[in-house]
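File shown: structure27.txt. Contents: compact mmCIF, C-alpha atoms and all ligand atoms.
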# COMPACT_ATOMS: atom_id res chain seq x y z
CA MET A 1 88.89 126.65 158.15
CA THR A 2 89.16 130.04 156.58
CA GLU A 3 86.28 130.98 154.32
CA TYR A 4 87.98 132.40 151.26
CA LYS A 5 86.27 134.94 148.99
CA ASN A 6 87.29 136.10 145.58
CA THR A 7 87.09 139.84 146.24
CA LEU A 8 89.68 142.54 146.77
CA GLU A 9 88.09 143.48 150.11
CA ALA A 10 88.30 139.90 151.39
CA ALA A 11 91.95 139.64 150.33
CA GLN A 12 92.78 142.94 152.02
CA GLU A 13 91.01 141.81 155.17
CA LEU A 14 93.20 138.68 155.25
CA ASP A 15 96.24 140.95 154.89
CA ARG A 16 95.07 143.11 157.79
CA ARG A 17 94.76 140.02 159.98
CA ASP A 18 98.19 138.73 158.93
CA GLY A 19 100.54 138.86 161.90
CA LEU A 20 103.59 138.74 159.59
CA GLN A 21 102.54 141.56 157.24
CA MET A 22 105.31 143.92 158.47
CA PHE A 23 108.00 141.64 157.01
CA ARG A 24 107.09 142.59 153.44
CA LYS A 25 108.53 146.07 154.08
CA ARG A 26 111.89 144.49 154.80
CA PHE A 27 112.26 143.38 151.15
CA TYR A 28 112.63 145.12 147.81
CA ILE A 29 109.69 144.17 145.59
CA PRO A 30 110.51 144.40 141.86
CA GLU A 31 108.21 146.74 139.95
CA HIS A 32 106.14 146.30 136.85
CA ALA A 33 104.90 149.39 135.02
CA GLY A 34 105.63 151.59 138.04
CA LYS A 35 103.80 149.37 140.56
CA PRO A 36 104.97 146.48 142.73
CA SER A 37 104.78 143.29 140.70
CA VAL A 38 103.10 140.16 141.99
CA TYR A 39 106.31 138.25 142.59
CA LEU A 40 105.61 134.51 142.74
CA THR A 41 109.06 133.15 141.94
CA GLY A 42 110.60 133.11 145.39
CA ASN A 43 111.02 129.37 144.71
CA SER A 44 113.54 130.30 142.02
CA LEU A 45 115.18 133.48 143.30
CA GLY A 46 114.03 134.95 146.59
CA LEU A 47 113.84 138.73 146.94
CA GLN A 48 116.48 140.98 148.40
CA PRO A 49 116.20 141.85 152.09
CA LYS A 50 116.91 145.54 152.58
CA SER A 51 119.28 144.69 155.44
CA VAL A 52 121.70 142.95 153.06
CA ARG A 53 123.49 146.16 152.16
CA GLU A 54 124.44 146.93 155.76
CA TYR A 55 125.81 143.40 156.30
CA LEU A 56 127.85 143.59 153.11
CA GLU A 57 129.11 147.06 153.88
CA GLN A 58 130.45 145.94 157.24
CA GLU A 59 132.63 143.33 155.55
CA LEU A 60 133.73 145.75 152.82
CA LEU A 61 134.68 148.22 155.51
CA ASP A 62 136.72 145.68 157.48
CA TRP A 63 138.50 144.56 154.34
CA LYS A 64 139.21 148.19 153.44
CA ASN A 65 140.46 149.17 156.90
CA LEU A 66 142.02 146.00 158.21
CA GLY A 67 143.14 143.96 155.21
CA VAL A 68 144.27 140.54 156.33
CA GLU A 69 143.68 141.46 159.98
CA GLY A 70 139.97 141.14 159.24
CA HIS A 71 140.32 137.37 159.58
CA LEU A 72 140.76 137.66 163.33
CA HIS A 73 140.05 141.28 164.21
CA GLY A 74 137.15 142.30 162.02
CA LYS A 75 133.85 143.10 163.68
CA ASN A 76 132.75 139.61 162.59
CA PRO A 77 136.10 137.80 162.29
CA TRP A 78 136.13 135.97 158.94
CA PHE A 79 137.98 133.00 160.46
CA TYR A 80 134.83 132.13 162.41
CA TYR A 81 132.25 133.45 159.99
CA HIS A 82 130.30 130.21 159.53
CA HIS A 83 129.72 130.10 163.30
CA PHE A 84 127.67 133.27 163.13
CA MET A 85 124.80 131.70 161.22
CA ARG A 86 124.73 128.06 162.19
CA GLU A 87 122.18 128.54 164.92
CA ALA A 88 119.76 130.32 162.59
CA LEU A 89 120.44 127.78 159.85
CA GLY A 90 119.89 124.90 162.28
CA GLY A 91 116.56 126.49 163.20
CA VAL A 92 115.46 126.52 159.56
CA VAL A 93 116.18 122.81 158.96
CA GLY A 94 115.68 121.41 162.47
CA ALA A 95 119.25 120.64 163.41
CA ALA A 96 121.75 121.36 166.16
CA PRO A 97 124.21 124.15 165.25
CA GLU A 98 127.05 121.62 164.86
CA GLU A 99 125.04 119.59 162.36
CA VAL A 100 124.92 122.36 159.75
CA VAL A 101 127.35 124.57 157.91
CA ALA A 102 126.94 127.20 155.19
CA MET A 103 129.46 126.62 152.42
CA ASN A 104 130.01 126.27 148.66
CA THR A 105 126.99 125.77 146.43
CA LEU A 106 124.35 123.10 146.30
CA THR A 107 125.62 120.77 143.58
CA VAL A 108 129.18 120.95 144.87
CA ASN A 109 127.90 120.02 148.32
CA LEU A 110 125.80 117.20 146.95
CA ASN A 111 128.88 115.74 145.31
CA LEU A 112 130.91 116.12 148.51
CA LEU A 113 128.22 114.35 150.52
CA LEU A 114 127.81 111.57 147.98
CA VAL A 115 131.52 110.84 148.32
CA SER A 116 130.97 110.20 152.02
CA PHE A 117 127.53 108.62 151.98
CA TYR A 118 127.37 106.66 148.75
CA ARG A 119 129.81 103.86 149.42
CA PRO A 120 128.60 101.05 147.18
CA THR A 121 129.65 97.46 147.75
CA LYS A 122 129.22 94.45 145.46
CA GLN A 123 126.02 93.65 147.29
CA ARG A 124 124.66 97.13 148.07
CA TYR A 125 125.04 99.69 145.31
CA LYS A 126 121.65 101.01 144.19
CA ILE A 127 120.38 104.58 144.56
CA LEU A 128 116.68 105.38 144.59
CA LEU A 129 115.62 108.76 143.11
CA GLU A 130 112.32 110.29 142.13
CA ALA A 131 111.59 110.43 138.39
CA ASN A 132 111.98 114.00 137.07
CA ALA A 133 114.55 114.83 139.73
CA PHE A 134 116.26 118.16 139.11
CA PRO A 135 118.87 117.67 136.36
CA SER A 136 121.84 118.64 138.53
CA ASP A 137 120.95 115.84 140.95
CA GLN A 138 120.52 113.35 138.12
CA TYR A 139 123.90 114.25 136.62
CA ALA A 140 125.73 114.25 139.94
CA ILE A 141 124.36 110.83 140.85
CA GLU A 142 124.95 109.36 137.40
CA GLN A 143 128.60 110.40 137.52
CA GLN A 144 129.11 109.30 141.12
CA VAL A 145 127.87 105.89 140.09
CA ARG A 146 130.40 105.85 137.24
CA LEU A 147 133.19 106.94 139.58
CA HIS A 148 132.62 103.68 141.40
CA GLY A 149 132.89 101.73 138.16
CA LEU A 150 129.15 101.03 137.97
CA GLN A 151 126.66 101.70 135.20
CA PRO A 152 123.81 104.14 135.83
CA GLU A 153 121.30 101.68 134.31
CA GLU A 154 122.14 99.04 136.88
CA ALA A 155 122.56 101.29 139.89
CA ILE A 156 119.90 104.02 139.60
CA LEU A 157 116.26 103.26 140.37
CA GLU A 158 113.53 105.82 139.81
CA VAL A 159 110.16 106.02 141.54
CA GLN A 160 107.50 107.11 139.06
CA PRO A 161 104.41 109.15 139.78
CA ARG A 162 101.28 107.02 139.44
CA GLU A 163 100.04 106.52 135.94
CA GLY A 164 97.87 109.31 134.66
CA GLY A 165 98.77 111.47 137.65
CA LYS A 166 101.68 113.67 138.49
CA VAL A 167 101.89 112.86 142.18
CA PHE A 168 104.22 110.38 143.87
CA PHE A 169 102.70 108.00 146.40
CA THR A 170 104.62 107.44 149.63
CA GLU A 171 103.58 103.81 149.58
CA ASP A 172 105.20 103.38 146.14
CA ILE A 173 108.44 104.83 147.48
CA LEU A 174 108.31 102.57 150.54
CA GLN A 175 107.57 99.60 148.34
CA ARG A 176 110.54 100.25 146.06
CA ILE A 177 112.76 100.50 149.12
CA GLU A 178 111.40 97.22 150.43
CA GLU A 179 111.78 95.43 147.07
CA ASN A 180 115.43 96.43 146.92
CA ARG A 181 116.28 95.95 150.55
CA ASP A 182 119.22 93.68 149.80
CA SER A 183 120.88 95.92 147.24
CA LEU A 184 119.90 99.49 148.16
CA ALA A 185 122.73 101.76 149.29
CA LEU A 186 121.06 105.18 149.24
CA VAL A 187 117.67 106.88 148.99
CA MET A 188 118.20 110.36 147.60
CA LEU A 189 115.12 112.48 146.90
CA GLY A 190 114.36 116.16 146.55
CA GLY A 191 112.62 117.18 149.80
CA VAL A 192 110.10 119.10 147.71
CA ASN A 193 110.01 118.11 144.05
CA TYR A 194 110.86 121.22 142.05
CA LEU A 195 108.36 120.50 139.30
CA ASN A 196 105.13 119.40 140.98
CA GLY A 197 105.80 121.03 144.36
CA GLN A 198 105.23 117.82 146.29
CA PHE A 199 106.72 117.58 149.77
CA PHE A 200 107.84 114.02 150.43
CA ASN A 201 107.22 112.27 153.72
CA LEU A 202 110.83 112.56 154.85
CA PRO A 203 110.49 110.87 158.26
CA GLU A 204 108.75 107.79 156.88
CA ILE A 205 111.09 107.49 153.91
CA THR A 206 114.10 107.84 156.19
CA ARG A 207 112.78 105.17 158.53
CA ALA A 208 112.15 102.77 155.64
CA ALA A 209 115.59 103.42 154.16
CA HIS A 210 117.25 102.66 157.48
CA GLN A 211 115.19 99.51 157.97
CA ALA A 212 116.43 98.34 154.59
CA GLY A 213 120.02 99.04 155.60
CA ALA A 214 120.35 102.08 153.32
CA VAL A 215 121.28 105.72 153.89
CA ALA A 216 118.74 108.57 153.47
CA GLY A 217 119.82 111.92 152.03
CA PHE A 218 117.77 114.79 150.62
CA ASP A 219 118.23 117.74 148.32
CA LEU A 220 116.28 120.45 150.12
CA ALA A 221 116.61 123.21 147.52
CA HIS A 222 112.83 123.68 147.49
CA ALA A 223 112.21 122.76 151.11
CA ALA A 224 114.66 124.87 153.14
CA GLY A 225 112.94 128.05 154.28
CA ASN A 226 109.66 126.79 152.81
CA ILE A 227 108.49 124.10 155.24
CA PRO A 228 109.65 123.53 158.82
CA LEU A 229 112.02 120.54 158.85
CA HIS A 230 113.25 118.34 161.68
CA LEU A 231 116.26 116.70 160.12
CA HIS A 232 117.85 115.71 163.42
CA ASP A 233 114.72 114.18 164.92
CA TRP A 234 113.82 112.47 161.64
CA ASN A 235 117.23 110.85 161.75
CA VAL A 236 118.08 111.94 158.22
CA ASP A 237 121.69 111.05 157.38
CA PHE A 238 122.61 114.06 155.28
CA ALA A 239 121.05 116.89 153.31
CA CYS A 240 122.04 119.90 151.24
CA TRP A 241 120.28 122.98 149.93
CA CYS A 242 120.83 126.32 148.25
CA SER A 243 120.09 129.69 149.80
CA TYR A 244 118.92 131.75 146.84
CA LYS A 245 115.40 130.28 146.60
CA TYR A 246 113.22 130.52 149.72
CA LEU A 247 116.21 131.59 151.80
CA ASN A 248 116.53 134.92 149.92
CA SER A 249 120.33 135.02 149.94
CA GLY A 250 121.00 136.21 146.41
CA PRO A 251 121.87 134.72 143.02
CA GLY A 252 124.46 131.98 143.31
CA GLY A 253 124.37 132.43 147.10
CA VAL A 254 126.17 130.13 149.50
CA GLY A 255 124.69 126.63 150.00
CA GLY A 256 124.39 124.59 153.17
CA ILE A 257 124.70 121.04 154.41
CA PHE A 258 123.35 118.91 157.23
CA VAL A 259 125.23 115.89 158.55
CA HIS A 260 123.54 114.03 161.39
CA GLU A 261 125.59 114.14 164.58
CA ARG A 262 126.06 110.36 164.59
CA HIS A 263 128.09 110.76 161.38
CA GLY A 264 129.61 114.13 162.23
CA SER A 265 131.35 112.58 165.22
CA ARG A 266 133.12 109.96 163.07
CA PRO A 267 136.49 111.33 161.93
CA ASP A 268 137.11 108.07 160.04
CA LEU A 269 134.24 108.72 157.63
CA PRO A 270 135.79 109.06 154.15
CA ARG A 271 135.48 112.50 152.65
CA LEU A 272 137.07 115.00 150.32
CA ALA A 273 139.11 117.31 152.47
CA GLY A 274 140.58 120.79 152.57
CA TRP A 275 142.21 122.91 155.23
CA TRP A 276 138.97 124.59 156.31
CA GLY A 277 137.49 121.26 157.35
CA ASN A 278 140.47 120.58 159.58
CA GLU A 279 140.18 121.00 163.33
CA GLU A 280 139.92 124.74 163.87
CA SER A 281 142.40 124.99 166.75
CA THR A 282 145.22 123.40 164.74
CA ARG A 283 144.29 124.64 161.27
CA PHE A 284 147.13 127.14 161.18
CA ASP A 285 149.75 124.70 162.44
CA MET A 286 150.01 123.71 158.77
CA LYS A 287 150.98 120.15 159.69
CA LYS A 288 150.60 116.93 157.72
CA GLY A 289 147.62 114.70 158.46
CA PHE A 290 144.02 115.87 158.10
CA VAL A 291 142.06 115.91 161.37
CA PRO A 292 138.43 116.74 160.55
CA GLN A 293 136.47 119.03 162.80
CA ALA A 294 133.53 117.38 164.48
CA GLY A 295 130.18 118.08 162.87
CA ALA A 296 129.19 119.32 159.45
CA ALA A 297 132.06 121.84 159.55
CA GLY A 298 134.42 118.91 158.94
CA TRP A 299 133.22 118.83 155.32
CA GLN A 300 134.38 122.40 154.59
CA GLN A 301 137.00 122.74 151.90
CA SER A 302 138.03 126.34 151.51
CA ASN A 303 138.04 129.49 153.56
CA ALA A 304 134.58 131.00 153.72
CA GLN A 305 133.10 133.16 150.94
CA ILE A 306 132.46 136.11 153.19
CA PHE A 307 130.35 138.25 150.87
CA PRO A 308 127.72 135.65 149.96
CA MET A 309 127.77 134.53 153.58
CA ALA A 310 127.15 138.08 154.82
CA ILE A 311 124.05 138.21 152.63
CA HIS A 312 122.97 134.82 153.91
CA ARG A 313 123.38 135.94 157.48
CA ALA A 314 121.23 139.02 156.95
CA SER A 315 118.50 136.85 155.50
CA LEU A 316 118.64 134.10 158.11
CA GLU A 317 118.21 136.64 160.86
CA ILE A 318 114.86 137.58 159.34
CA PHE A 319 113.84 133.91 159.49
CA GLN A 320 114.85 133.77 163.12
CA GLU A 321 112.77 136.83 163.85
CA ALA A 322 109.69 135.69 161.98
CA GLY A 323 109.90 132.05 163.11
CA ILE A 324 109.66 129.21 160.61
CA ASP A 325 106.48 127.82 162.22
CA ASN A 326 104.73 131.18 162.00
CA LEU A 327 105.77 131.44 158.37
CA ARG A 328 104.36 128.01 157.70
CA GLY A 329 101.05 128.99 159.28
CA LYS A 330 100.69 131.93 156.92
CA SER A 331 102.02 129.94 153.98
CA GLU A 332 99.28 127.31 154.28
CA LEU A 333 96.64 130.05 154.23
CA LEU A 334 98.26 131.92 151.36
CA THR A 335 98.75 128.89 149.11
CA GLY A 336 95.27 127.71 150.11
CA TYR A 337 93.97 131.05 148.88
CA LEU A 338 95.80 130.65 145.58
CA GLU A 339 94.27 127.18 145.21
CA PHE A 340 90.83 128.66 145.87
CA ILE A 341 91.39 131.45 143.31
CA ILE A 342 92.54 129.00 140.62
CA LYS A 343 89.53 126.77 141.28
CA GLU A 344 87.21 129.77 141.04
CA TYR A 345 88.74 130.61 137.70
CA ASN A 346 88.34 127.00 136.53
CA ARG A 347 84.72 126.97 137.63
CA PHE A 348 83.88 129.89 135.33
CA HIS A 349 86.25 128.91 132.49
CA PRO A 350 85.86 125.16 132.09
CA HIS A 351 87.42 125.29 128.61
CA GLN A 352 90.60 127.04 129.74
CA ARG A 353 91.16 125.12 132.93
CA LEU A 354 94.42 125.26 134.86
CA GLN A 355 94.89 121.85 136.39
CA ILE A 356 96.69 121.91 139.76
CA ILE A 357 99.22 119.06 139.78
CA THR A 358 100.54 119.80 143.29
CA PRO A 359 99.01 117.59 146.01
CA ALA A 360 95.84 119.02 147.55
CA ASP A 361 96.74 117.98 151.09
CA THR A 362 98.64 120.88 152.70
CA ARG A 363 100.88 118.36 154.51
CA ASP A 364 102.19 117.25 151.12
CA ARG A 365 103.18 120.65 149.76
CA GLY A 366 104.83 123.94 150.59
CA CYS A 367 104.31 127.39 149.06
CA GLN A 368 104.29 126.33 145.44
CA LEU A 369 101.40 125.33 143.20
CA SER A 370 102.21 123.87 139.79
CA LEU A 371 99.58 124.37 137.12
CA VAL A 372 99.11 122.68 133.78
CA ALA A 373 96.96 124.47 131.23
CA GLU A 374 94.79 122.21 129.13
CA HIS A 375 95.08 124.66 126.23
CA ASN A 376 97.33 127.60 125.36
CA GLY A 377 99.50 127.28 128.45
CA ARG A 378 102.32 129.37 127.06
CA GLU A 379 99.88 132.05 125.95
CA ILE A 380 98.25 132.28 129.38
CA PHE A 381 101.67 132.47 130.95
CA ASN A 382 102.79 135.29 128.63
CA LYS A 383 99.65 137.27 129.35
CA LEU A 384 100.11 136.88 133.09
CA THR A 385 103.66 138.17 132.68
CA ALA A 386 102.40 141.17 130.74
CA ALA A 387 99.96 141.87 133.60
CA GLY A 388 102.82 142.02 136.14
CA ILE A 389 102.38 138.51 137.55
CA VAL A 390 105.86 137.01 137.85
CA ALA A 391 105.47 133.23 137.70
CA ASP A 392 107.64 130.74 135.84
CA TRP A 393 107.32 128.34 133.00
CA ARG A 394 108.82 124.86 132.88
CA GLU A 395 108.76 122.98 129.60
CA PRO A 396 106.65 121.48 128.26
CA ASP A 397 103.56 122.80 130.05
CA VAL A 398 104.00 123.69 133.72
CA ILE A 399 103.37 127.12 135.27
CA ARG A 400 104.78 127.37 138.78
CA MET A 401 103.57 129.95 141.30
CA ALA A 402 104.95 130.25 144.80
CA PRO A 403 103.44 132.85 147.13
CA VAL A 404 106.01 133.33 149.87
CA PRO A 405 104.81 134.22 153.38
CA LEU A 406 107.64 136.68 154.12
CA TYR A 407 106.73 139.11 151.37
CA ASN A 408 103.66 138.04 149.41
CA THR A 409 100.18 139.19 150.32
CA PHE A 410 96.68 137.85 149.93
CA GLU A 411 96.08 140.80 147.64
CA ASP A 412 98.89 139.49 145.40
CA VAL A 413 97.00 136.21 145.12
CA PHE A 414 93.74 138.00 144.40
CA ARG A 415 95.52 139.85 141.58
CA VAL A 416 96.45 136.52 139.97
CA GLY A 417 92.74 135.70 139.73
CA ALA A 418 91.92 139.17 138.41
CA ALA A 419 94.64 138.88 135.75
CA LEU A 420 93.40 135.44 134.66
CA GLU A 421 89.89 136.82 134.49
CA SER A 422 90.89 139.79 132.34
CA LEU A 423 92.71 137.68 129.78
CA SER A 424 89.98 135.09 129.30
C1 LIG B 1 117.69 124.85 142.31
C2 LIG B 1 118.12 123.44 142.43
C3 LIG B 1 119.46 123.07 142.23
C4 LIG B 1 120.48 124.08 141.76
O1 LIG B 1 121.79 123.69 142.05
P1 LIG B 1 122.98 124.77 142.16
O2 LIG B 1 124.14 123.94 142.45
O3 LIG B 1 122.61 125.73 143.26
O4 LIG B 1 123.06 125.49 140.86
C5 LIG B 1 119.80 121.75 142.45
N1 LIG B 1 118.88 120.83 142.83
C6 LIG B 1 117.58 121.17 143.01
C7 LIG B 1 116.59 120.15 143.43
C8 LIG B 1 117.17 122.47 142.79
O5 LIG B 1 115.88 122.80 142.92
What is this file in structure tokens?
Amino acid sequence: MTEYKNTLEAAQELDRRDGLQMFRKRFYIPEHAGKPSVYLTGNSLGLQPKSVREYLEQELLDWKNLGVEGHLHGKNPWFYYHHFMREALGGVVGAAPEEVVAMNTLTVNLNLLLVSFYRPTKQRYKILLEANAFPSDQYAIEQQVRLHGLQPEEAILEVQPREGGKVFFTEDILQRIEENRDSLALVMLGGVNYLNGQFFNLPEITRAAHQAGAVAGFDLAHAAGNIPLHLHDWNVDFACWCSYKYLNSGPGGVGGIFVHERHGSRPDLPRLAGWWGNEESTRFDMKKGFVPQAGAAGWQQSNAQIFPMAIHRASLEIFQEAGIDNLRGKSELLTGYLEFIIKEYNRFHPHQRLQIITPADTRDRGCQLSLVAEHNGREIFNKLTAAGIVADWREPDVIRMAPVPLYNTFEDVFRVGAALESLS
């Protein structure tokens, strides 16, 4: 156990002992009033790695000098571009290289995967979600249900957080699965809930879903690059994520999918198709009859978006270098320090408390802490912003803060406490 202290010296000492501190220099930190801001919104838009420019310039150069020849003769031939990052991407989510592919954007991918993995029958047609799921997921699922001629009210089940609390209980999720074991087609949760920051017990939920005869899929927007995942070993059926949050790959950056190898090796699995998902060796034969590539790549639609993918590649290489387990080690300490700082503030300001609604057990959370102010939440948030603390506000009353181990420091976290102190 680290003994935390609420002093600048103690925070700086933790930074000195941080084996990953050199990675901060690899990112651009936005400024506030001429000084680096305390950037705590890497859960919303991760910061820009300095190496991005070089990766982009290479592709601009090949396009400029080679034109169409860049597809096969560029330095990184565009025809194969998704190959160049699948190992790093697999490392981030715990998958074999063939089980992942970078493509499209998150919601598009979710819809593509639902087409393959939500195959309701008369008997089995229900989908289990968490209450307060991210709106895009809710809308996608609602409309997929309608596409099958079903009504959302009959097909969608929601697990609620326990009354009075904001946290979901694994046993409640398992119980809902069990209660619906004859009619459940799919369990589809956010890996980390975007609002309360809770990390779900993916292996147990997957096991329970399978025992009930259902499929388990996850939206990992807030989990990928945040918490080490073992999608293959956990036997997860499918997953998707975006790359612009913890994966630092730029606004609107390219998303990614995971399809477990036991599904990836089934060419008969129904799917929406395009030429880029066709077997690579015969793609340019331009013949009738779709033959999907084995693995996640068989869900590709269009030729790769090279520029967003070049950014993604630059960023994933930093993850490979730092190591997702090392990042997690620092992340637990860093978020633990933020928890300590918030509790210190609460101790001295009982009338302006910031209630932490993220689970206290580090196994049940990632970087993010979600705070609810008992009074004047919006005002506290605005004052933090004015002090150079970049957090975010979710209606009606949640302040989210996510110290990210690649570029945030313990001093950043100390400065949150100092800013809270100065405004109270
Ligand atoms: C951020 C986020 C999205 C965003 O979807 P896009 O298609 O990338 O715009 C979707 N789902 C969850 C859970 C998210 O956190």
key: Close residues to ligand LIG 1 (chain B) using all atoms listed in the file, limit 7 Å, as a PyMOL selection string   = chain A and resi 44+105-108+133-134+136-137+190+193-194+219-222+242+252
request  = Within 8 Å of Glu332 in chain A, counting all atoms listed in the file, which residues show up once you throw out same-chain ones fewer than 3 positions away? Write them as a PyMOL selection string, please.
outcome  = chain A and resi 328-329+335-336+362+366-367
query = Nearest to Ala297 in chain A: which of A:Thr7, A:Ser331, A:Asn104, A:Gln175 is it, counting all atoms listed in the file?
reply =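 Looking only at the distances to Ala297 in chain A, the closest residue turns out to be A:Asn104.
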task = Using all atoms listed in the file, pick whichever of A:Leu184, A:Trp393, A:Asn326, A:Ser370 has the shortest atom-to-atom distance to Gln21 in chain A.
result =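 Looking only at the distances to Gln21 in chain A, the closest residue turns out to be A:Asn326.
In this structure, CA of Gly91 in chain A sits 12.5 Å away from CA of Leu247 in chain A.
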request  = For each of A:Val390, A:Val413, A:Ala88, A:Ala310, take the minimum atom-to-atom distance to Leu56 in chain A, counting only C-alpha atoms, then give the residue where this is smallest.
outcome  =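 Of A:Val390, A:Val413, A:Ala88, A:Ala310, the one nearest Leu56 in chain A, counting only C-alpha atoms, is A:Ala310.
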request  = Would you kindly identify which residues have an atom no farther than 12 Å from (97.9, 115.1, 144.2), using only C-alpha atoms and the file's own coordinates, and write them out as a count of residues only?
outcome  = 28
inquiry  = Please return as an MDAnalysis selection string every residue within 12 Å of (95.0, 134.4, 158.2), taking into account all atoms listed in the file and the file's own coordinates.
reply    = chainID A and resid 1:4 10:21 326:337 405 409:410
